[in-house]
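Novice: Pasting input33.cif here (mmCIF, C-alpha atoms and all ligand atoms):
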```cif
data_final
loop_
_atom_site.label_atom_id
_atom_site.label_comp_id
_atom_site.auth_asym_id
_atom_site.auth_seq_id
_atom_site.Cartn_x
_atom_site.Cartn_y
_atom_site.Cartn_z
CA MET B 192 -61.72 -56.13 -44.27
CA ASN B 193 -61.78 -57.78 -40.89
CA LYS B 194 -63.72 -55.67 -38.35
CA LYS B 195 -62.06 -57.27 -35.31
CA LEU B 196 -58.60 -56.30 -36.45
CA THR B 197 -59.59 -52.69 -36.88
CA ILE B 198 -60.90 -52.50 -33.32
CA SER B 199 -57.83 -54.04 -31.74
CA ARG B 200 -55.59 -51.71 -33.73
CA ALA B 201 -57.47 -48.70 -32.44
CA GLY B 202 -57.10 -50.12 -28.93
CA ALA B 203 -53.37 -50.45 -29.37
CA VAL B 204 -53.04 -46.87 -30.55
CA LEU B 205 -55.06 -45.64 -27.57
CA SER B 206 -53.06 -47.60 -25.02
CA ILE B 207 -49.72 -46.35 -26.44
CA LEU B 208 -51.05 -42.80 -26.20
CA ALA B 209 -52.20 -43.36 -22.62
CA LEU B 210 -48.86 -44.90 -21.65
CA SER B 211 -46.82 -42.07 -23.14
CA LEU B 212 -48.99 -39.50 -21.35
CA THR B 213 -48.52 -41.31 -18.03
CA LEU B 214 -44.73 -41.37 -18.44
CA GLN B 215 -44.52 -37.77 -19.53
CA GLY B 216 -46.86 -36.64 -16.81
CA CYS B 217 -44.05 -36.36 -14.26
CA ARG B 218 -41.74 -34.14 -16.31
CA GLY B 219 -41.60 -30.56 -15.07
CA MET B 220 -44.22 -31.20 -12.38
CA LYS B 221 -43.30 -30.65 -8.77
CA SER B 222 -43.69 -33.41 -6.24
CA GLU B 223 -43.08 -33.49 -2.51
CA LYS B 224 -42.25 -37.18 -2.67
CA THR B 225 -38.74 -38.52 -2.85
CA PRO B 226 -38.07 -39.64 -6.40
CA ILE B 227 -37.70 -43.33 -7.01
CA HIS B 228 -33.98 -43.94 -7.24
CA PRO B 229 -33.56 -47.67 -7.89
CA ASN B 230 -29.76 -47.77 -8.18
CA MET B 231 -28.02 -45.59 -5.54
CA ASN B 232 -24.45 -46.09 -6.74
CA MET B 233 -22.55 -43.45 -4.71
CA ASP B 234 -25.01 -40.65 -5.38
CA GLN B 235 -25.73 -39.90 -1.78
CA GLN B 236 -23.16 -40.25 0.94
CA GLU B 237 -22.57 -38.71 4.29
CA ARG B 238 -20.51 -35.54 3.90
CA LYS B 239 -19.81 -32.16 5.47
CA GLU B 240 -20.85 -28.82 4.05
CA ALA B 241 -18.34 -25.96 3.80
CA GLN B 242 -17.83 -24.24 7.19
CA GLU B 243 -19.74 -27.01 8.98
CA VAL B 244 -18.64 -28.07 12.48
CA ASN B 245 -16.93 -31.44 12.73
CA ASN B 246 -16.29 -32.69 16.22
CA PHE B 247 -14.12 -35.48 14.94
CA PHE B 248 -11.21 -33.00 14.75
CA GLU B 249 -9.81 -31.18 17.72
CA ASP B 250 -10.27 -27.74 16.15
CA GLY B 251 -13.88 -28.59 15.27
CA ARG B 252 -13.46 -27.66 11.62
CA SER B 253 -14.61 -29.89 8.80
CA MET B 254 -12.61 -27.87 6.26
CA ARG B 255 -9.07 -29.20 6.54
CA THR B 256 -5.87 -27.50 5.39
CA PRO B 257 -3.46 -29.52 3.20
CA VAL B 258 -1.10 -31.78 5.10
CA GLU B 259 2.09 -29.88 5.86
CA GLY B 260 4.73 -30.21 3.17
CA THR B 261 2.33 -31.33 0.49
CA VAL B 262 1.49 -29.44 -2.69
CA ALA B 263 -1.70 -29.94 -4.63
CA ARG B 264 -1.22 -31.18 -8.15
CA GLY B 265 -0.71 -28.21 -10.50
CA LEU B 266 0.03 -25.73 -7.73
CA SER B 267 3.79 -26.12 -7.45
CA ARG B 268 5.46 -22.70 -7.45
CA LEU B 269 8.89 -23.82 -6.31
CA ASP B 270 10.67 -22.55 -9.39
CA LYS B 271 10.93 -18.92 -8.29
CA ALA B 272 12.89 -17.83 -11.34
CA TYR B 273 10.15 -19.07 -13.63
CA TYR B 274 7.11 -18.03 -11.58
CA GLU B 275 8.31 -14.83 -9.95
CA GLY B 276 11.33 -13.74 -11.97
CA ILE B 277 13.59 -13.74 -8.89
CA ASP B 278 16.54 -15.84 -7.70
CA GLU B 279 17.00 -17.50 -4.30
CA ASN B 280 18.14 -14.17 -2.80
CA GLY B 281 15.03 -12.42 -3.99
CA GLU B 282 16.94 -10.47 -6.67
CA TRP B 283 15.49 -10.04 -10.17
CA ILE B 284 17.01 -12.55 -12.55
CA ALA B 285 19.06 -11.07 -15.37
CA ASP B 286 17.92 -13.43 -18.13
CA MET B 287 14.58 -15.05 -18.81
CA PRO B 288 14.42 -18.71 -17.76
CA ILE B 289 12.98 -20.01 -21.03
CA ASP B 290 14.51 -21.12 -24.32
CA LEU B 291 13.81 -18.29 -26.67
CA THR B 292 12.37 -19.14 -30.09
CA LYS B 293 10.94 -17.01 -32.85
CA SER B 294 7.45 -18.34 -32.19
CA ILE B 295 7.68 -17.25 -28.53
CA VAL B 296 8.54 -13.71 -29.61
CA TYR B 297 5.56 -13.70 -31.99
CA ARG B 298 3.31 -15.02 -29.24
CA GLY B 299 4.66 -12.20 -27.04
CA LYS B 300 3.87 -9.64 -29.72
CA GLU B 301 0.31 -10.88 -30.00
CA ARG B 302 -0.21 -10.87 -26.21
CA TYR B 303 1.55 -7.51 -25.81
CA GLU B 304 -0.82 -6.01 -28.34
CA VAL B 305 -3.80 -7.33 -26.39
CA PHE B 306 -2.73 -6.37 -22.87
CA CYS B 307 -0.08 -3.67 -22.99
CA THR B 308 -0.68 -1.42 -26.03
CA PRO B 309 -3.65 0.49 -24.54
CA CYS B 310 -1.16 2.20 -22.23
CA HIS B 311 2.34 1.48 -23.51
CA GLY B 312 1.59 1.92 -27.23
CA ASN B 313 2.42 -0.36 -30.16
CA ALA B 314 6.04 0.77 -30.26
CA GLY B 315 6.49 0.75 -26.48
CA ASP B 316 6.83 4.54 -26.46
CA GLY B 317 4.14 5.05 -23.83
CA LEU B 318 1.73 6.62 -26.30
CA GLY B 319 -1.13 4.16 -25.93
CA ILE B 320 -4.66 5.22 -26.63
CA ILE B 321 -5.59 5.87 -23.00
CA MET B 322 -2.66 8.27 -22.61
CA THR B 323 -4.41 11.19 -24.21
CA GLY B 324 -5.06 13.04 -20.98
CA GLN B 325 -8.82 12.71 -21.17
CA TYR B 326 -8.95 9.54 -19.06
CA GLY B 327 -7.02 10.90 -16.10
CA TYR B 328 -4.63 7.96 -16.08
CA VAL B 329 -0.97 8.12 -15.08
CA PRO B 330 1.09 7.91 -18.28
CA ALA B 331 3.05 4.75 -18.93
CA PRO B 332 6.76 5.36 -19.39
CA THR B 333 8.53 4.69 -22.67
CA PHE B 334 10.53 1.44 -22.71
CA HIS B 335 13.14 3.24 -24.81
CA GLN B 336 15.16 4.76 -21.99
CA ASP B 337 18.40 3.50 -20.50
CA ARG B 338 16.86 2.69 -17.12
CA LEU B 339 14.46 0.17 -18.67
CA ARG B 340 16.88 -1.06 -21.34
CA GLU B 341 19.29 -1.96 -18.57
CA ALA B 342 16.62 -3.43 -16.28
CA PRO B 343 17.00 -7.19 -15.77
CA ASP B 344 14.45 -9.45 -17.48
CA GLY B 345 13.06 -10.32 -14.05
CA GLU B 346 12.14 -6.67 -13.44
CA ILE B 347 10.13 -6.47 -16.66
CA TYR B 348 8.48 -9.76 -15.70
CA SER B 349 7.75 -8.35 -12.26
CA ALA B 350 5.87 -5.38 -13.77
CA ILE B 351 3.44 -7.89 -15.30
CA TYR B 352 3.40 -10.27 -12.33
CA ASN B 353 3.31 -7.84 -9.39
CA GLY B 354 2.37 -4.60 -11.11
CA VAL B 355 4.56 -1.59 -10.38
CA ARG B 356 3.60 1.57 -8.49
CA ASN B 357 0.63 2.91 -10.50
CA MET B 358 0.45 -0.04 -12.88
CA PRO B 359 -1.82 -2.89 -11.83
CA SER B 360 -0.70 -6.51 -11.93
CA TYR B 361 -1.66 -8.52 -14.99
CA ARG B 362 -0.95 -11.92 -13.44
CA HIS B 363 -4.57 -13.01 -13.59
CA GLN B 364 -5.01 -12.09 -17.23
CA VAL B 365 -1.65 -13.35 -18.47
CA PRO B 366 -0.40 -16.87 -17.63
CA VAL B 367 3.27 -17.52 -16.83
CA ASP B 368 4.43 -18.66 -20.28
CA ASP B 369 2.83 -15.65 -21.89
CA ARG B 370 4.42 -13.28 -19.37
CA TRP B 371 7.86 -14.44 -20.46
CA ALA B 372 6.81 -14.26 -24.11
CA ILE B 373 5.80 -10.62 -23.51
CA VAL B 374 9.14 -9.91 -21.78
CA ALA B 375 10.87 -11.32 -24.87
CA TYR B 376 8.81 -9.05 -27.09
CA VAL B 377 9.51 -5.96 -24.95
CA ARG B 378 13.22 -6.76 -25.38
CA ALA B 379 12.69 -7.05 -29.13
CA LEU B 380 10.92 -3.67 -29.16
CA GLN B 381 13.75 -2.10 -27.20
CA ALA B 382 16.37 -3.52 -29.57
CA SER B 383 14.37 -2.41 -32.62
CA GLN B 384 14.13 1.18 -31.38
CA ASN B 385 17.78 1.35 -30.39
CA ALA B 386 19.54 0.07 -33.47
CA SER B 387 22.74 1.82 -34.53
CA ARG B 388 23.35 3.14 -38.02
CA GLU B 389 25.65 0.15 -38.63
CA ASP B 390 22.95 -2.31 -37.50
CA LEU B 391 20.50 -0.74 -39.93
CA ILE B 392 22.94 -0.81 -42.83
CA ALA B 393 23.78 -4.44 -42.03
CA ALA B 394 20.07 -5.24 -42.10
CA GLY B 395 19.82 -3.76 -45.59
CA VAL B 396 17.83 -0.66 -44.58
CA ASP B 397 18.13 2.42 -46.80
CA VAL B 398 19.40 4.64 -44.01
CA GLU B 399 19.51 7.85 -46.04
CA ALA B 400 15.87 7.53 -47.09
CA LEU B 401 14.91 6.75 -43.50
CA GLU B 402 16.79 9.80 -42.23
CA ALA B 403 15.13 12.02 -44.81
CA GLU B 404 11.74 10.68 -43.73
CA TYR B 405 12.58 11.25 -40.08
CA ASN B 406 13.74 14.82 -40.65
CA GLU B 407 10.60 15.58 -42.61
CA GLU B 408 8.47 14.17 -39.79
CA GLN B 409 10.32 16.18 -37.16
CA ALA B 410 9.99 19.37 -39.21
CA ALA B 411 6.24 18.78 -39.52
CA ILE B 412 5.94 18.23 -35.76
CA ALA B 413 7.90 21.40 -35.01
CA GLU B 414 5.78 23.36 -37.46
CA ALA B 415 2.53 22.08 -35.97
CA LYS B 416 3.77 22.98 -32.51
CA ALA B 417 4.77 26.49 -33.56
CA ALA B 418 1.41 26.98 -35.28
CA LYS B 419 -0.40 25.79 -32.18
CA GLU B 420 1.57 28.15 -29.96
CA ALA B 421 0.98 31.06 -32.32
CA SER B 422 -2.76 30.37 -32.39
CA GLN B 423 -2.96 30.27 -28.61
CA GLY B 424 -2.43 33.97 -28.41
CA GLU B 425 -2.11 35.29 -24.92
CA ILE B 426 -1.18 32.94 -22.09
CA VAL B 427 -4.06 32.66 -19.68
CA ALA B 428 -3.05 30.95 -16.45
CA THR B 429 -5.18 30.36 -13.38
CA VAL B 430 -4.85 28.24 -10.24
CA GLU B 431 -8.23 26.62 -11.02
CA ARG B 432 -7.08 25.58 -14.48
CA GLY B 433 -3.86 24.25 -12.92
CA MET B 434 -5.84 22.04 -10.55
CA GLU B 435 -7.96 20.85 -13.46
CA VAL B 436 -4.94 19.92 -15.58
CA SER B 437 -3.33 18.22 -12.60
CA THR B 438 -6.46 16.09 -12.16
CA MET B 439 -6.77 15.37 -15.87
CA TYR B 440 -3.22 14.04 -15.99
CA ALA B 441 -3.40 12.36 -12.56
CA CYS B 442 -0.30 14.24 -11.31
CA GLN B 443 -1.53 13.70 -7.72
CA THR B 444 -0.93 9.97 -7.95
CA CYS B 445 2.75 10.82 -7.59
CA HIS B 446 2.74 14.34 -6.09
CA SER B 447 0.92 15.26 -2.88
CA SER B 448 -0.08 18.78 -1.90
CA ASP B 449 0.28 18.16 1.86
CA GLY B 450 4.02 17.66 2.18
CA SER B 451 4.04 13.86 2.12
CA ALA B 452 6.33 12.21 -0.42
CA VAL B 453 4.46 9.75 -2.64
CA ILE B 454 6.41 8.63 -5.70
CA GLY B 455 7.60 12.12 -6.51
CA PRO B 456 8.32 15.16 -4.29
CA SER B 457 5.37 16.94 -2.69
CA TRP B 458 4.25 20.21 -4.24
CA LYS B 459 3.75 21.77 -0.83
CA ASN B 460 6.23 24.62 -0.44
CA LEU B 461 7.99 23.51 -3.61
CA TYR B 462 7.68 26.86 -5.36
CA GLY B 463 10.60 29.13 -4.55
CA SER B 464 12.54 26.43 -2.69
CA GLU B 465 16.13 25.49 -3.46
CA GLY B 466 17.33 21.98 -4.03
CA LEU B 467 19.90 19.65 -5.54
CA VAL B 468 19.27 18.05 -8.91
CA THR B 469 21.34 15.84 -11.21
CA THR B 470 21.61 16.99 -14.81
CA GLU B 471 21.67 14.71 -17.85
CA ASP B 472 25.48 14.98 -17.84
CA GLY B 473 25.55 13.57 -14.32
CA GLU B 474 26.43 16.88 -12.70
CA THR B 475 24.84 17.76 -9.37
CA ILE B 476 23.75 21.38 -9.14
CA THR B 477 21.53 23.57 -6.96
CA VAL B 478 18.46 25.07 -8.57
CA VAL B 479 15.84 27.57 -7.47
CA LYS B 480 12.47 26.05 -8.18
CA GLU B 481 10.56 28.76 -9.98
CA ASP B 482 8.61 29.03 -13.24
CA GLU B 483 11.31 28.11 -15.72
CA TYR B 484 12.61 25.13 -13.73
CA LEU B 485 9.11 23.81 -12.96
CA ILE B 486 8.04 23.97 -16.60
CA GLU B 487 11.21 22.19 -17.67
CA SER B 488 10.54 19.51 -15.01
CA ILE B 489 7.16 18.87 -16.59
CA VAL B 490 7.93 18.94 -20.30
CA ASN B 491 11.38 17.37 -20.04
CA PRO B 492 11.40 15.37 -16.80
CA TYR B 493 14.74 13.67 -17.48
CA ALA B 494 16.66 16.94 -17.87
CA LYS B 495 17.14 17.38 -14.11
CA ILE B 496 16.41 14.62 -11.60
CA VAL B 497 15.56 15.71 -8.06
CA ASP B 498 18.08 14.47 -5.49
CA GLY B 499 16.80 11.43 -3.63
CA TYR B 500 14.23 10.46 -6.30
CA ASP B 501 14.24 8.03 -9.20
CA PRO B 502 13.47 9.23 -12.74
CA LEU B 503 9.97 7.77 -12.70
CA MET B 504 8.02 10.64 -14.20
CA ALA B 505 7.09 9.85 -17.79
CA ASP B 506 8.18 12.13 -20.61
CA ALA B 507 4.55 12.53 -21.64
CA TYR B 508 3.57 16.14 -21.08
CA GLY B 509 5.35 17.90 -23.95
CA GLY B 510 2.03 18.49 -25.69
CA LEU B 511 0.59 20.70 -22.91
CA SER B 512 -0.16 24.24 -24.03
CA GLN B 513 1.78 27.17 -22.58
CA SER B 514 -1.37 28.28 -20.76
CA ASP B 515 -1.83 24.87 -19.15
CA LEU B 516 1.84 24.69 -18.15
CA GLN B 517 1.72 28.14 -16.64
CA SER B 518 -1.53 27.20 -14.87
CA LEU B 519 0.19 24.19 -13.31
CA VAL B 520 2.92 26.51 -12.10
CA GLU B 521 0.31 28.88 -10.63
CA TYR B 522 -1.32 25.95 -8.85
CA ILE B 523 2.01 24.72 -7.44
CA LYS B 524 2.77 28.30 -6.43
CA SER B 525 -0.56 28.48 -4.56
CA LEU B 526 0.58 25.55 -2.39
CA SER B 527 3.58 27.50 -1.18
CA ASP B 528 3.86 29.70 1.89
CA ASN B 529 7.13 31.16 0.56
C1 LIG A 601 -3.60 0.49 -17.66
C2 LIG A 601 -2.36 0.95 -18.23
C3 LIG A 601 -1.22 -0.04 -18.32
C4 LIG A 601 -1.22 -1.28 -18.90
C5 LIG A 601 -2.37 -1.99 -19.58
C6 LIG A 601 0.13 -1.79 -18.77
N1 LIG A 601 0.91 -0.87 -18.13
FE1 LIG A 601 2.88 -1.07 -17.73
N2 LIG A 601 2.87 0.73 -16.80
C7 LIG A 601 1.78 1.56 -16.67
C8 LIG A 601 2.12 2.70 -15.86
C9 LIG A 601 1.18 3.84 -15.49
C10 LIG A 601 3.46 2.54 -15.50
C11 LIG A 601 4.28 3.48 -14.62
C12 LIG A 601 3.94 3.24 -13.20
C13 LIG A 601 4.60 4.23 -12.27
O1 LIG A 601 5.76 4.59 -12.49
O2 LIG A 601 3.95 4.63 -11.31
C14 LIG A 601 3.91 1.29 -16.10
C15 LIG A 601 5.20 0.80 -16.00
C16 LIG A 601 5.65 -0.34 -16.65
C17 LIG A 601 7.02 -0.78 -16.67
C18 LIG A 601 8.18 -0.05 -16.02
C19 LIG A 601 8.50 -0.61 -14.71
C20 LIG A 601 9.56 0.18 -13.98
O3 LIG A 601 10.36 -0.48 -13.31
O4 LIG A 601 9.58 1.40 -14.05
C21 LIG A 601 7.07 -1.93 -17.39
C22 LIG A 601 8.28 -2.77 -17.70
C23 LIG A 601 5.72 -2.21 -17.83
N3 LIG A 601 4.88 -1.22 -17.37
C24 LIG A 601 5.36 -3.29 -18.59
C25 LIG A 601 4.04 -3.57 -18.98
C26 LIG A 601 3.65 -4.74 -19.72
C27 LIG A 601 4.60 -5.79 -20.23
C28 LIG A 601 2.30 -4.67 -19.89
C29 LIG A 601 1.38 -5.67 -20.54
C30 LIG A 601 1.30 -6.96 -19.90
C31 LIG A 601 1.85 -3.46 -19.25
N4 LIG A 601 2.93 -2.82 -18.71
C32 LIG A 601 0.53 -3.03 -19.22
C33 LIG A 601 0.54 1.35 -17.21
C34 LIG A 601 0.11 0.20 -17.84
C1 LIG A 602 4.52 8.32 -12.15
C2 LIG A 602 4.69 9.34 -11.15
C3 LIG A 602 4.63 10.79 -11.58
C4 LIG A 602 3.61 11.45 -12.23
C5 LIG A 602 2.29 10.89 -12.71
C6 LIG A 602 4.01 12.83 -12.32
N1 LIG A 602 5.25 13.00 -11.76
FE1 LIG A 602 6.24 14.74 -11.54
N2 LIG A 602 7.82 13.75 -10.70
C7 LIG A 602 7.85 12.41 -10.40
C8 LIG A 602 9.11 12.07 -9.79
C9 LIG A 602 9.54 10.66 -9.33
C10 LIG A 602 9.85 13.26 -9.72
C11 LIG A 602 11.25 13.42 -9.14
C12 LIG A 602 12.29 12.89 -10.08
C13 LIG A 602 12.52 13.79 -11.24
O1 LIG A 602 13.09 14.86 -11.03
O2 LIG A 602 12.10 13.45 -12.34
C14 LIG A 602 9.00 14.30 -10.30
C15 LIG A 602 9.35 15.65 -10.38
C16 LIG A 602 8.48 16.66 -10.71
C17 LIG A 602 8.76 18.07 -10.59
C18 LIG A 602 10.00 18.67 -9.97
C19 LIG A 602 9.86 18.61 -8.48
C20 LIG A 602 11.02 19.10 -7.68
O3 LIG A 602 11.03 18.85 -6.45
O4 LIG A 602 11.94 19.70 -8.23
C21 LIG A 602 7.65 18.74 -11.01
C22 LIG A 602 7.44 20.24 -11.04
C23 LIG A 602 6.68 17.76 -11.44
N3 LIG A 602 7.20 16.51 -11.23
C24 LIG A 602 5.43 18.05 -11.97
C25 LIG A 602 4.52 17.10 -12.39
C26 LIG A 602 3.25 17.42 -13.05
C27 LIG A 602 2.74 18.80 -13.32
C28 LIG A 602 2.66 16.23 -13.32
C29 LIG A 602 1.34 15.99 -14.04
C30 LIG A 602 1.15 16.70 -15.27
C31 LIG A 602 3.53 15.17 -12.83
N4 LIG A 602 4.64 15.75 -12.30
C32 LIG A 602 3.24 13.83 -12.91
C33 LIG A 602 6.83 11.50 -10.64
C34 LIG A 602 5.65 11.77 -11.30
#
```
Would you give me this structure, written as structure tokens?

Specialist:
Amino acid sequence: MNKKLTISRAGAVLSILALSLTLQGCRGMKSEKTPIHPNMNMDQQERKEAQEVNNFFEDGRSMRTPVEGTVARGLSRLDKAYYEGIDENGEWIADMPIDLTKSIVYRGKERYEVFCTPCHGNAGDGLGIIMTGQYGYVPAPTFHQDRLREAPDGEIYSAIYNGVRNMPSYRHQVPVDDRWAIVAYVRALQASQNASREDLIAAGVDVEALEAEYNEEQAAIAEAKAAKEASQGEIVATVERGMEVSTMYACQTCHSSDGSAVIGPSWKNLYGSEGLVTTEDGETITVVKEDEYLIESIVNPYAKIVDGYDPLMADAYGGLSQSDLQSLVEYIKSLSDN
């Protein structure tokens, strides 16, 4: 063994240790000194902060607007049909401006189920999970009504893009391509819920079995309803309960109590008044707005449409108990001087 070699090896180990400690010493430690920055590249240049004054320009602003007539890459929105669902006159376009494929419809289904089912329901019938009354949200209408079947594609698109009355816009959650995919799927839902007997037979469906199933279902619903009514016993109706139900179902979003028209007619002085309505057969008649008419307006809103208004009230209140319906009537009555 050579003694000299051992010493120099120990020295080497020590000096490596010392060197690594020196280099690591700076990490995580604060220093007031400017760091050594041997190669500047373009790391530091003169520049203006946001909102900073810049006397170079006449208006003194350093933040400049884009040169007139220019569009930043990726921000072109010239194709109004595609981006907004409208034509050059601002009218909703009748047909979607995309080439429809099966995969687009499936994409629409998937997106619809994410964004629309909580309110509109899986089948588009307006029976989404938040429509149970306990959340105080305005019910979403069913898509399976003539008004929305006949609506142009651009109008369905607009509901997603702009929102509509009480429905918020979903433009930030749903990008353009997906909006059209959802429109395609809403159309598919509408067609699927509006098939004729012949369509079903042509598609190989056992119509008789389906009808039997439907009738059974309807009988069960009617039975449950009758049982519920029978178990309710006496009708207890109060103005306070009426106000409560009205709040629970967010009726005030469309009906004011101060005489101003919102989306629907005001409830002020409604009770006992006379007015024109259009029946389902298209007949215009005069009605006296008392208990029977008011209850029908709530449980079957499409039966008679108030003159001057659109049929925008959802058919969503059929499940209210007799006591709650009568309470609503009492509340509406309390808003009347008649
Ligand atoms: C938070 C609940 C909610 C969600 C989620 C929702 N909607 Fe709605 N939607 C409503 C309500 C409420 C209305 C009725 C608004 C009114 O009449 O005041 C409505 C109305 C509509 C209408 C009818 C428009 C008209 O002209 O009457 C369409 C179409 C529609 N929604 C499509 C969609 C689509 C597609 C989605 C998914 C991207 C969606 N909605 C998501 C609540 C919702
Ligand atoms: C999305 C808006 C909307 C909501 C929510 C709504 N309604 Fe309506 N309602 C209307 C519109 C629009 C009309 C007028 C058109 C028609 O006859 O359907 C109307 C009509 C009525 C009428 C008949 C009024 C008249 O002048 O003859 C009554 C009564 C009524 N609503 C009660 C209610 C009650 C009770 C609730 C809550 C449980 C409710 N509405 C929720 C929009 C709404």

Novice: Taking only residues of chain B that have an atom at most 7 Å from an atom of ligand LIG 602 (chain A), what is each one's shortest atom pair and its distance in Å to one decimal, using only C-alpha atoms and all ligand atoms, in chain and number order, as a Markdown table?

Specialist:
```
| residue | atom | partner | partner_atom | distance |
| --- | --- | --- | --- | --- |
| B:Val329 | CA | A:LIG602 | C5 | 4.9 |
| B:Pro330 | CA | A:LIG602 | C5 | 6.4 |
| B:Asn357 | CA | A:LIG602 | C1 | 6.9 |
| B:Val436 | CA | A:LIG602 | C30 | 6.9 |
| B:Ser437 | CA | A:LIG602 | C29 | 5.4 |
| B:Tyr440 | CA | A:LIG602 | C30 | 5.2 |
| B:Ala441 | CA | A:LIG602 | C5 | 5.9 |
| B:Cys442 | CA | A:LIG602 | C29 | 3.6 |
| B:Gln443 | CA | A:LIG602 | C5 | 6.9 |
| B:Thr444 | CA | A:LIG602 | C5 | 5.8 |
| B:Cys445 | CA | A:LIG602 | C2 | 4.3 |
| B:His446 | CA | A:LIG602 | N1 | 6.3 |
| B:Ile454 | CA | A:LIG602 | C9 | 5.2 |
| B:Gly455 | CA | A:LIG602 | C8 | 3.6 |
| B:Pro456 | CA | A:LIG602 | O3 | 5.1 |
| B:Leu461 | CA | A:LIG602 | O3 | 6.2 |
| B:Lys480 | CA | A:LIG602 | O4 | 6.4 |
| B:Leu485 | CA | A:LIG602 | C22 | 4.4 |
| B:Ile486 | CA | A:LIG602 | C22 | 6.7 |
| B:Ser488 | CA | A:LIG602 | C17 | 5.0 |
| B:Ile489 | CA | A:LIG602 | C24 | 5.0 |
| B:Pro492 | CA | A:LIG602 | O2 | 4.9 |
| B:Tyr493 | CA | A:LIG602 | O2 | 5.8 |
| B:Lys495 | CA | A:LIG602 | O1 | 5.7 |
| B:Ile496 | CA | A:LIG602 | O1 | 3.4 |
| B:Val497 | CA | A:LIG602 | O1 | 4.0 |
| B:Tyr500 | CA | A:LIG602 | C12 | 4.9 |
| B:Asp501 | CA | A:LIG602 | C12 | 5.3 |
| B:Pro502 | CA | A:LIG602 | O2 | 4.5 |
| B:Leu503 | CA | A:LIG602 | C9 | 4.5 |
| B:Met504 | CA | A:LIG602 | C33 | 3.9 |
| B:Ala505 | CA | A:LIG602 | C1 | 6.4 |
| B:Tyr508 | CA | A:LIG602 | C30 | 6.3 |
| B:Leu519 | CA | A:LIG602 | C27 | 6.0 |
```

Novice: Pick out the closest residue to Gly327 of chain B from this set: B:Thr438, B:Ser525, B:Ser447, B:Gln517. Count only C-alpha atoms.

Specialist: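 Using only C-alpha atoms, Gly327 of chain B sits closest to B:Thr438.
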
Novice: Quote the spacing between atom CA of Thr470 of chain B and atom O4 of ligand LIG 601 (chain A) in Å to one decimal place.

Specialist: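 Spanning atom CA of Thr470 of chain B to atom O4 of ligand LIG 601 (chain A) is a straight-line distance of 19.7 Å.
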
Novice: From the options B:Glu471, B:Asp344, B:Glu465, B:Glu402, which residue's atoms come nearest to ligand LIG 601 (chain A), counting all atoms listed in the file?

Specialist: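 Smallest distance to ligand LIG 601 (chain A) is found for B:Asp344.
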
Novice: How would you write, as an MDAnalysis selection string, the set of residues no farther than 6 Å from ligand LIG 601 (chain A) when counting all atoms listed in the file?

Specialist: chainID B and resid 303 306:307 309:310 329:332 347 350:351 355:358 361 373 503

Novice: I need the chosen residues saved as a short mmCIF file (atom, residue, chain, number, x, y, z; two decimals), keeping the file's coordinate frame, with C-alpha atoms.

Specialist:
```cif
data_model
loop_
_atom_site.label_atom_id
_atom_site.label_comp_id
_atom_site.auth_asym_id
_atom_site.auth_seq_id
_atom_site.Cartn_x
_atom_site.Cartn_y
_atom_site.Cartn_z
CA TYR B 303 1.55 -7.51 -25.81
CA PHE B 306 -2.73 -6.37 -22.87
CA CYS B 307 -0.08 -3.67 -22.99
CA PRO B 309 -3.65 0.49 -24.54
CA CYS B 310 -1.16 2.20 -22.23
CA VAL B 329 -0.97 8.12 -15.08
CA PRO B 330 1.09 7.91 -18.28
CA ALA B 331 3.05 4.75 -18.93
CA PRO B 332 6.76 5.36 -19.39
CA ILE B 347 10.13 -6.47 -16.66
CA ALA B 350 5.87 -5.38 -13.77
CA ILE B 351 3.44 -7.89 -15.30
CA VAL B 355 4.56 -1.59 -10.38
CA ARG B 356 3.60 1.57 -8.49
CA ASN B 357 0.63 2.91 -10.50
CA MET B 358 0.45 -0.04 -12.88
CA TYR B 361 -1.66 -8.52 -14.99
CA ILE B 373 5.80 -10.62 -23.51
CA LEU B 503 9.97 7.77 -12.70
#
```

Novice: Hey, can you check how far atom CA of Ala421 of chain B sits from atom CA of Gly509 of chain B?

Specialist: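 Here the two named atoms are 16.2 Å from each other.
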
Novice: Is there a way to get, as a count of residues only, all residues within 12 Å of the point (3.1, 29.8, -28.4) in file coordinates, counting only C-alpha atoms?

Specialist: 23

Novice: Take the point (-0.6, 29.9, -9.3) in the file's coordinates, draw a sphere of radius 9 Å around it, and report as a PyMOL selection string every protein, DNA or RNA residue with an atom inside or on it, counting all atoms listed in the file.

Specialist: chain B and resi 428-431+433+517-526

Novice: What separation in Å, quoted to one decimal, exists between atom CA of Asp498 of chain B and atom CA of Thr475 of chain B?

Specialist: 8.5 Å

Novice: Within 10 Å of Glu304 of chain B, counting all atoms listed in the file, which residues show up once you throw out same-chain ones fewer than 6 positions away? Write them as a count of residues only, please.

Specialist: 6

Novice: Of the residues B:Ala394, B:Leu318, B:Leu269, B:Ala375, which is the one nearest to Asp290 of chain B, using all atoms listed in the file?

Specialist: B:Ala375

Novice: Just checking: using all atoms listed in the file, which residue out of B:Glu243, B:Glu275, B:Asp234, B:Glu249 ends up closest to Pro366 of chain B?

Specialist: B:Glu275

Novice: Skipping near chain neighbours, those fewer than 6 positions away, what residues fall within 12 Å of Trp283 of chain B using all atoms listed in the file, listed as JSON, numbers by chain?

Specialist: {"B": [271, 272, 273, 274, 275, 276, 277, 342, 343, 344, 345, 346, 347, 348, 349, 350]}

Novice: Could you tell me which of B:Ala411, B:Ile392, B:Ala379, B:Ala400 comes closest to Gly299 of chain B if we count all atoms listed in the file?

Specialist: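 Under the stated criterion, the closest residue is B:Ala379.
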